[in-house]
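Colleague: Would you mind keeping the following structure in view while I ask a few things?
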Amino acid sequence: MTGDLVHLTTAASVQFLRPILVRVIRELPERHTYDGWVWIEGYQLNAAADAVARRELYVRRAGVRWQALPVAPIRPAKRRRDPVRVG
């Protein structure tokens, strides 16, 4: 779970009426929970995927939706051209 990008909705907890995107820092196993629930620590992300808040969240593990990591755009390699002789 550490380093994962997760989407939290009401399936994870009723507190997420407005879904949020979180980059997980770590799971907090020292906190006792009900079966199937977990405490996580992570950064809440905005639409640009920038961290806007550090949060500790209590979520139902079955309701957490893992997101694919965003792929950075690949720039085409610059082609080196040999000089052309004219004349």
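Residue numbering restarts at 1 for every chain of the structure tokens, chains are lettered A, B, ... in their displayed order, and ligands are numbered from 1 as they appear.
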Applying 10 Å and only C-alpha atoms, which residues near A:Val52 remain after dropping the ones on its own chain fewer than 4 positions away? List them as a VMD selection string.

Modeller: chain A and resid 22 43 to 46

Colleague: Give me the residues within 9 Å of A:Leu28 as a list in words, counting only C-alpha atoms and dropping any in the same chain fewer than 6 places off.

Modeller: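 The residues that qualify are Val38, Trp39, Ile40, Glu41 and Glu56 of chain A.
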
Colleague: Residues as selected, C-alpha atoms, written as a PDB file, in the first residue's frame, can you do that?

Modeller:
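out05.pdb, written as the output of this step:
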ATOM      1  CA  VAL A  38      -7.410   0.252   8.370  1.00  0.00           C
ATOM      2  CA  TRP A  39      -5.780   3.571   9.267  1.00  0.00           C
ATOM      3  CA  ILE A  40      -3.596   5.056   6.532  1.00  0.00           C
ATOM      4  CA  GLU A  41      -1.422   8.147   6.406  1.00  0.00           C
ATOM      5  CA  GLU A  56      -4.600  10.255   8.576  1.00  0.00           C
TER       6      GLU A  56
END

Colleague: Go through A:Leu21, A:Gly3, A:Val86, A:Ala12 one by one, measure the shortest atom-to-atom distance of each to A:Asp50 using only C-alpha atoms, and give the residue with the smallest value.

Modeller: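 Counting only C-alpha atoms, the residue closest to A:Asp50 is A:Leu21.
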
Colleague: Please run DSSP on the backbone and report, as a PyMOL selection string, all residues within chain A that come out as strand (DSSP E or B).

Modeller: chain A and resi 5-8+20-27+37-45+51-60+65-66

Colleague: Keeping only N, CA and C atoms, write those residues as an mmCIF file, in the first residue's frame.

Modeller:
data_model
loop_
_atom_site.group_PDB
_atom_site.id
_atom_site.type_symbol
_atom_site.label_atom_id
_atom_site.label_comp_id
_atom_site.auth_asym_id
_atom_site.auth_seq_id
_atom_site.Cartn_x
_atom_site.Cartn_y
_atom_site.Cartn_z
ATOM 1 N N LEU A 5 -1.341 5.064 -5.147
ATOM 2 C CA LEU A 5 -2.289 6.144 -5.394
ATOM 3 C C LEU A 5 -3.675 5.529 -5.261
ATOM 4 N N VAL A 6 -4.508 6.062 -4.339
ATOM 5 C CA VAL A 6 -5.828 5.487 -4.105
ATOM 6 C C VAL A 6 -6.912 6.538 -4.250
ATOM 7 N N HIS A 7 -8.064 6.088 -4.721
ATOM 8 C CA HIS A 7 -9.243 6.936 -4.886
ATOM 9 C C HIS A 7 -10.211 6.529 -3.790
ATOM 10 N N LEU A 8 -10.593 7.487 -2.929
ATOM 11 C CA LEU A 8 -11.467 7.182 -1.811
ATOM 12 C C LEU A 8 -12.840 7.800 -2.041
ATOM 13 N N ILE A 20 -11.814 11.749 -2.926
ATOM 14 C CA ILE A 20 -10.481 12.348 -2.917
ATOM 15 C C ILE A 20 -9.468 11.345 -3.441
ATOM 16 N N LEU A 21 -8.347 11.872 -3.893
ATOM 17 C CA LEU A 21 -7.226 11.078 -4.367
ATOM 18 C C LEU A 21 -6.120 11.215 -3.332
ATOM 19 N N VAL A 22 -5.515 10.107 -2.937
ATOM 20 C CA VAL A 22 -4.509 10.116 -1.881
ATOM 21 C C VAL A 22 -3.295 9.308 -2.301
ATOM 22 N N ARG A 23 -2.105 9.847 -2.045
ATOM 23 C CA ARG A 23 -0.846 9.102 -2.206
ATOM 24 C C ARG A 23 -0.522 8.549 -0.822
ATOM 25 N N VAL A 24 -0.532 7.244 -0.670
ATOM 26 C CA VAL A 24 -0.339 6.614 0.640
ATOM 27 C C VAL A 24 1.124 6.692 1.066
ATOM 28 N N ILE A 25 1.333 7.165 2.299
ATOM 29 C CA ILE A 25 2.674 7.180 2.884
ATOM 30 C C ILE A 25 2.918 5.838 3.568
ATOM 31 N N ARG A 26 1.934 5.454 4.433
ATOM 32 C CA ARG A 26 2.077 4.189 5.144
ATOM 33 C C ARG A 26 0.752 3.800 5.785
ATOM 34 N N GLU A 27 0.679 2.547 6.124
ATOM 35 C CA GLU A 27 -0.437 2.021 6.890
ATOM 36 C C GLU A 27 -0.054 2.159 8.363
ATOM 37 N N TRP A 37 -11.100 -2.846 8.337
ATOM 38 C CA TRP A 37 -10.826 -1.415 8.330
ATOM 39 C C TRP A 37 -9.353 -1.177 8.631
ATOM 40 N N VAL A 38 -8.825 -0.049 8.189
ATOM 41 C CA VAL A 38 -7.410 0.252 8.370
ATOM 42 C C VAL A 38 -7.203 1.765 8.472
ATOM 43 N N TRP A 39 -6.209 2.172 9.234
ATOM 44 C CA TRP A 39 -5.780 3.571 9.267
ATOM 45 C C TRP A 39 -4.645 3.722 8.274
ATOM 46 N N ILE A 40 -4.704 4.752 7.450
ATOM 47 C CA ILE A 40 -3.596 5.056 6.532
ATOM 48 C C ILE A 40 -3.190 6.514 6.712
ATOM 49 N N GLU A 41 -1.941 6.782 6.416
ATOM 50 C CA GLU A 41 -1.422 8.147 6.406
ATOM 51 C C GLU A 41 -1.029 8.445 4.967
ATOM 52 N N GLY A 42 -1.387 9.634 4.498
ATOM 53 C CA GLY A 42 -1.067 9.954 3.119
ATOM 54 C C GLY A 42 -1.258 11.414 2.798
ATOM 55 N N TYR A 43 -0.953 11.760 1.568
ATOM 56 C CA TYR A 43 -1.115 13.127 1.068
ATOM 57 C C TYR A 43 -2.341 13.187 0.172
ATOM 58 N N GLN A 44 -3.247 14.097 0.496
ATOM 59 C CA GLN A 44 -4.394 14.333 -0.376
ATOM 60 C C GLN A 44 -3.897 15.131 -1.566
ATOM 61 N N LEU A 45 -4.321 14.734 -2.768
ATOM 62 C CA LEU A 45 -3.866 15.377 -4.005
ATOM 63 C C LEU A 45 -4.974 16.193 -4.629
ATOM 64 N N ALA A 51 0.325 17.557 -3.880
ATOM 65 C CA ALA A 51 -0.091 17.313 -2.500
ATOM 66 C C ALA A 51 -0.603 18.618 -1.895
ATOM 67 N N VAL A 52 -1.793 18.571 -1.313
ATOM 68 C CA VAL A 52 -2.384 19.770 -0.711
ATOM 69 C C VAL A 52 -2.579 19.630 0.796
ATOM 70 N N ALA A 53 -2.588 18.385 1.317
ATOM 71 C CA ALA A 53 -2.769 18.181 2.755
ATOM 72 C C ALA A 53 -2.257 16.800 3.141
ATOM 73 N N ARG A 54 -1.649 16.732 4.323
ATOM 74 C CA ARG A 54 -1.245 15.439 4.877
ATOM 75 C C ARG A 54 -2.374 14.980 5.796
ATOM 76 N N ARG A 55 -2.838 13.724 5.630
ATOM 77 C CA ARG A 55 -4.015 13.263 6.355
ATOM 78 C C ARG A 55 -3.796 11.869 6.920
ATOM 79 N N GLU A 56 -4.480 11.604 8.030
ATOM 80 C CA GLU A 56 -4.600 10.255 8.576
ATOM 81 C C GLU A 56 -6.058 9.867 8.384
ATOM 82 N N LEU A 57 -6.294 8.746 7.700
ATOM 83 C CA LEU A 57 -7.643 8.383 7.286
ATOM 84 C C LEU A 57 -8.001 6.973 7.737
ATOM 85 N N TYR A 58 -9.229 6.805 8.189
ATOM 86 C CA TYR A 58 -9.761 5.518 8.606
ATOM 87 C C TYR A 58 -10.676 5.034 7.490
ATOM 88 N N VAL A 59 -10.294 3.941 6.826
ATOM 89 C CA VAL A 59 -11.020 3.497 5.640
ATOM 90 C C VAL A 59 -11.305 1.998 5.677
ATOM 91 N N ARG A 60 -12.339 1.629 4.959
ATOM 92 C CA ARG A 60 -12.659 0.209 4.767
ATOM 93 C C ARG A 60 -11.816 -0.292 3.603
ATOM 94 N N ARG A 65 -10.070 2.105 -3.834
ATOM 95 C CA ARG A 65 -9.841 1.832 -5.265
ATOM 96 C C ARG A 65 -8.437 2.275 -5.637
ATOM 97 N N TRP A 66 -7.604 1.311 -6.024
ATOM 98 C CA TRP A 66 -6.244 1.644 -6.435
ATOM 99 C C TRP A 66 -6.277 2.261 -7.815
#

Colleague: Which is closest to A:Gly36 among A:Arg80, A:Arg61, A:Asp4, A:Ala11, if we use only C-alpha atoms?

Modeller: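 Of A:Arg80, A:Arg61, A:Asp4, A:Ala11, the one nearest A:Gly36, counting only C-alpha atoms, is A:Arg61.
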